[in-house]
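J.: Take a look at this one; I'll ask things after.
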Amino acid sequence: MNNIVIRQYQKSDRVSVRKIAWDTAFIGEPASAFFEGQDVFCDFLTKYFTDYEPESCFVAELDGKIIGYVIGAKDTHILAKKFLLQIFPILLACSFLKGVFFSKKNTIFFFNLFRSIFCGEFKMPDFSKEYPATLHINLAAGFRHIGVGSRLLQKYCDYLKIQGVKAVQLATMSEQAAEFFVNHGFSQLFSGKRTYFKYLTKKDIPIYIYGKKII
């Protein structure tokens with residue numbers, strides 16, 4: 001599809017980016033499988049990138065429609081600091097006001113999530129010194145496996161190189177995505193498992209961290 005354009009993110013793309021994030025959050029499927037509260041969930045996934053570091057975001061556009069994106073941060077320490085101090089408190093307040101914690105579906109999800117956390121499943125090595133940048137990449141259904149993801153990833157890596165960022169890391173829970181990143185020069189830095197979706201998938205979900213040197 002030569003008429004697909006990869007370009008810099010614009011404010012008008014925000015709604016489309018959030019919709020794709022929601023529609024792909026459950027291992028490529030909609031987050032509605034486990035969560036109620038689309039606005040809160042999308043804020044958690046995308047707000048830092050689209051609102052605080054939009055210059056590090058790119059989209060794939062076809063005939064005026066956003067079909068995919070890569071959103072990133074040049075420095076994971078800055079991301080974490082702004083998220084914890086500026087985004088998370090508001091997100092927590094909105095969650096209470098909108099009743100997010102009182103939904104039966106969400107209660108089940110949070111119960112399983114916190115159990116995974118207490119079991120130490122979220123303890124991972126810190127690769128931020130060697131791999132300071134991060135990214136999230138998603139494509140709308142129907143536009144996968146046709147080269148759009150490769151073009152988005154290349155655009156972002158070229159951007160990081162221009163910015164003088166030496167390396168990038170990412171996390172994925174998808175076996176297919178893991179293979180995709182390996183094919184694009186990423187190396188596996190860590191592997192583990194997550195059990196908080198087991199009540200839906202009937203099996204543990206793998207978690208991988210991959211990294212790539214840019215400079």
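Letters A, B, ... go to the chains of the structure tokens in the order shown; residues in each chain start at 1; ligands are counted from 1 in the same order.
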Applying 9 Å and only C-alpha atoms, which residues near range 141-145 of chain A remain after dropping the ones on its own chain fewer than 6 positions away? List them as a list in words.
T.: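 Here the answer would be Ile20, Asp23, Thr24, Gly28, Glu29, Ile67 and Gly68 of chain A.
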J.: Show me, as a list of chain:residue names, the residues that have an atom within 7 Å of range 124-136 of chain A when counting only C-alpha atoms, minus same-chain residues fewer than 4 positions from it.
T.: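 Selected residues are A:Val70, A:Ile71, A:Gly72, A:Ala73, A:Lys74, A:Asp75, A:Thr76, A:Ala167, A:Val168, A:Gln169, A:Leu170, A:Gly211.
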J.: Quick one: of A:Phe181, A:Phe44, A:Tyr52, A:Tyr210, who's nearest to Ser95 in chain A, counting only C-alpha atoms?
T.: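 Ranking A:Phe181, A:Phe44, A:Tyr52, A:Tyr210 by distance to Ser95 in chain A, first place goes to A:Phe44.
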J.: Return the single residue from A:Lys65, A:Val40, A:Gly120, A:Ile146 that is closest to Lys98 in chain A, with distances computed using only C-alpha atoms.
T.: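 For Lys98 in chain A, the nearest of the given residues is A:Val40.
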J.: What separation in Å, quoted to one decimal, exists between CA of Phe118 in chain A and CA of Phe83 in chain A?
T.: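 Rounded to one decimal, the two atoms are 21.7 Å apart.
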J.: Report as a PyMOL selection string: the residues of range 86-153 of chain A with a DSSP assignment of strand (DSSP E or B), based on the backbone of this structure.
T.: chain A and resi 133-139
J.: Would you mind listing what lies within 12 Å of range 147-154 of chain A as JSON, numbers by chain, with only C-alpha atoms counted and same-chain residues fewer than 5 positions away left out?
T.: {"A": [1, 2, 3, 4, 5, 6, 7, 8, 9, 56, 57, 58, 59, 60, 61, 62, 66, 67, 68, 69, 70, 71, 72, 134, 135, 136, 137, 138, 139, 140, 141, 142, 159, 160, 161, 168, 170, 177, 180, 181, 182, 183, 184, 185, 186, 212, 214]}
J.: Please run DSSP on the backbone and report, as a ChimeraX atom specification, all residues within chain A that come out as helix (DSSP H, G or I).
T.: /A:11-24,31-33,38-52,54-56,76-97,100-102,104-118,148-163,175-183,198-201
J.: List as a count of residues only the protein and nucleic acid residues near range 187-198 of chain A, meaning an atom at most 7 Å away when only C-alpha atoms are counted, but skip any in the same chain fewer than 3 places from it.
T.: 17
J.: Give me the residues near Ala33 in chain A as a PDB file with N, CA and C atoms, in the first residue's frame, where near means some atom within 9 Å (using only C-alpha atoms) and where sequence neighbours in that chain fewer than 6 positions away do not count.
T.:
```pdb
ATOM      1  N   PHE A  26      -5.638  -5.814  24.618  1.00  0.00           N
ATOM      2  CA  PHE A  26      -5.697  -7.182  25.159  1.00  0.00           C
ATOM      3  C   PHE A  26      -5.015  -8.136  24.175  1.00  0.00           C
ATOM      4  N   LYS A 105     -16.295  -6.058  36.458  1.00  0.00           N
ATOM      5  CA  LYS A 105     -15.249  -6.493  35.533  1.00  0.00           C
ATOM      6  C   LYS A 105     -13.894  -5.928  35.955  1.00  0.00           C
ATOM      7  N   LEU A 200      -8.798 -15.187  32.044  1.00  0.00           N
ATOM      8  CA  LEU A 200      -9.417 -15.038  30.721  1.00  0.00           C
ATOM      9  C   LEU A 200      -8.772 -15.958  29.682  1.00  0.00           C
TER      10      LEU A 200
END
```
J.: Just the number, please: distance in Å from CA of Tyr48 in chain A to CA of Arg18 in chain A, one decimal.
T.: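 Separation of CA of Tyr48 in chain A and CA of Arg18 in chain A: 11.9 Å.
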J.: Restricting the calculation to only C-alpha atoms, which member of A:Ile90, A:Cys42, A:Ile27, A:Leu84 is positioned closest to Gln176 in chain A?
T.: A:Ile27
J.: Nearest to Ser32 in chain A among A:Asn106, A:Phe111, A:Leu91, A:Ala171, with distances taken over only C-alpha atoms: which residue is it?
T.: A:Asn106
J.: Find the distance between CA of Glu53 in chain A and CA of Phe114 in chain A and write it in Å to one decimal.
T.: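 Taking CA of Glu53 in chain A and CA of Phe114 in chain A, their separation equals 29.0 Å.
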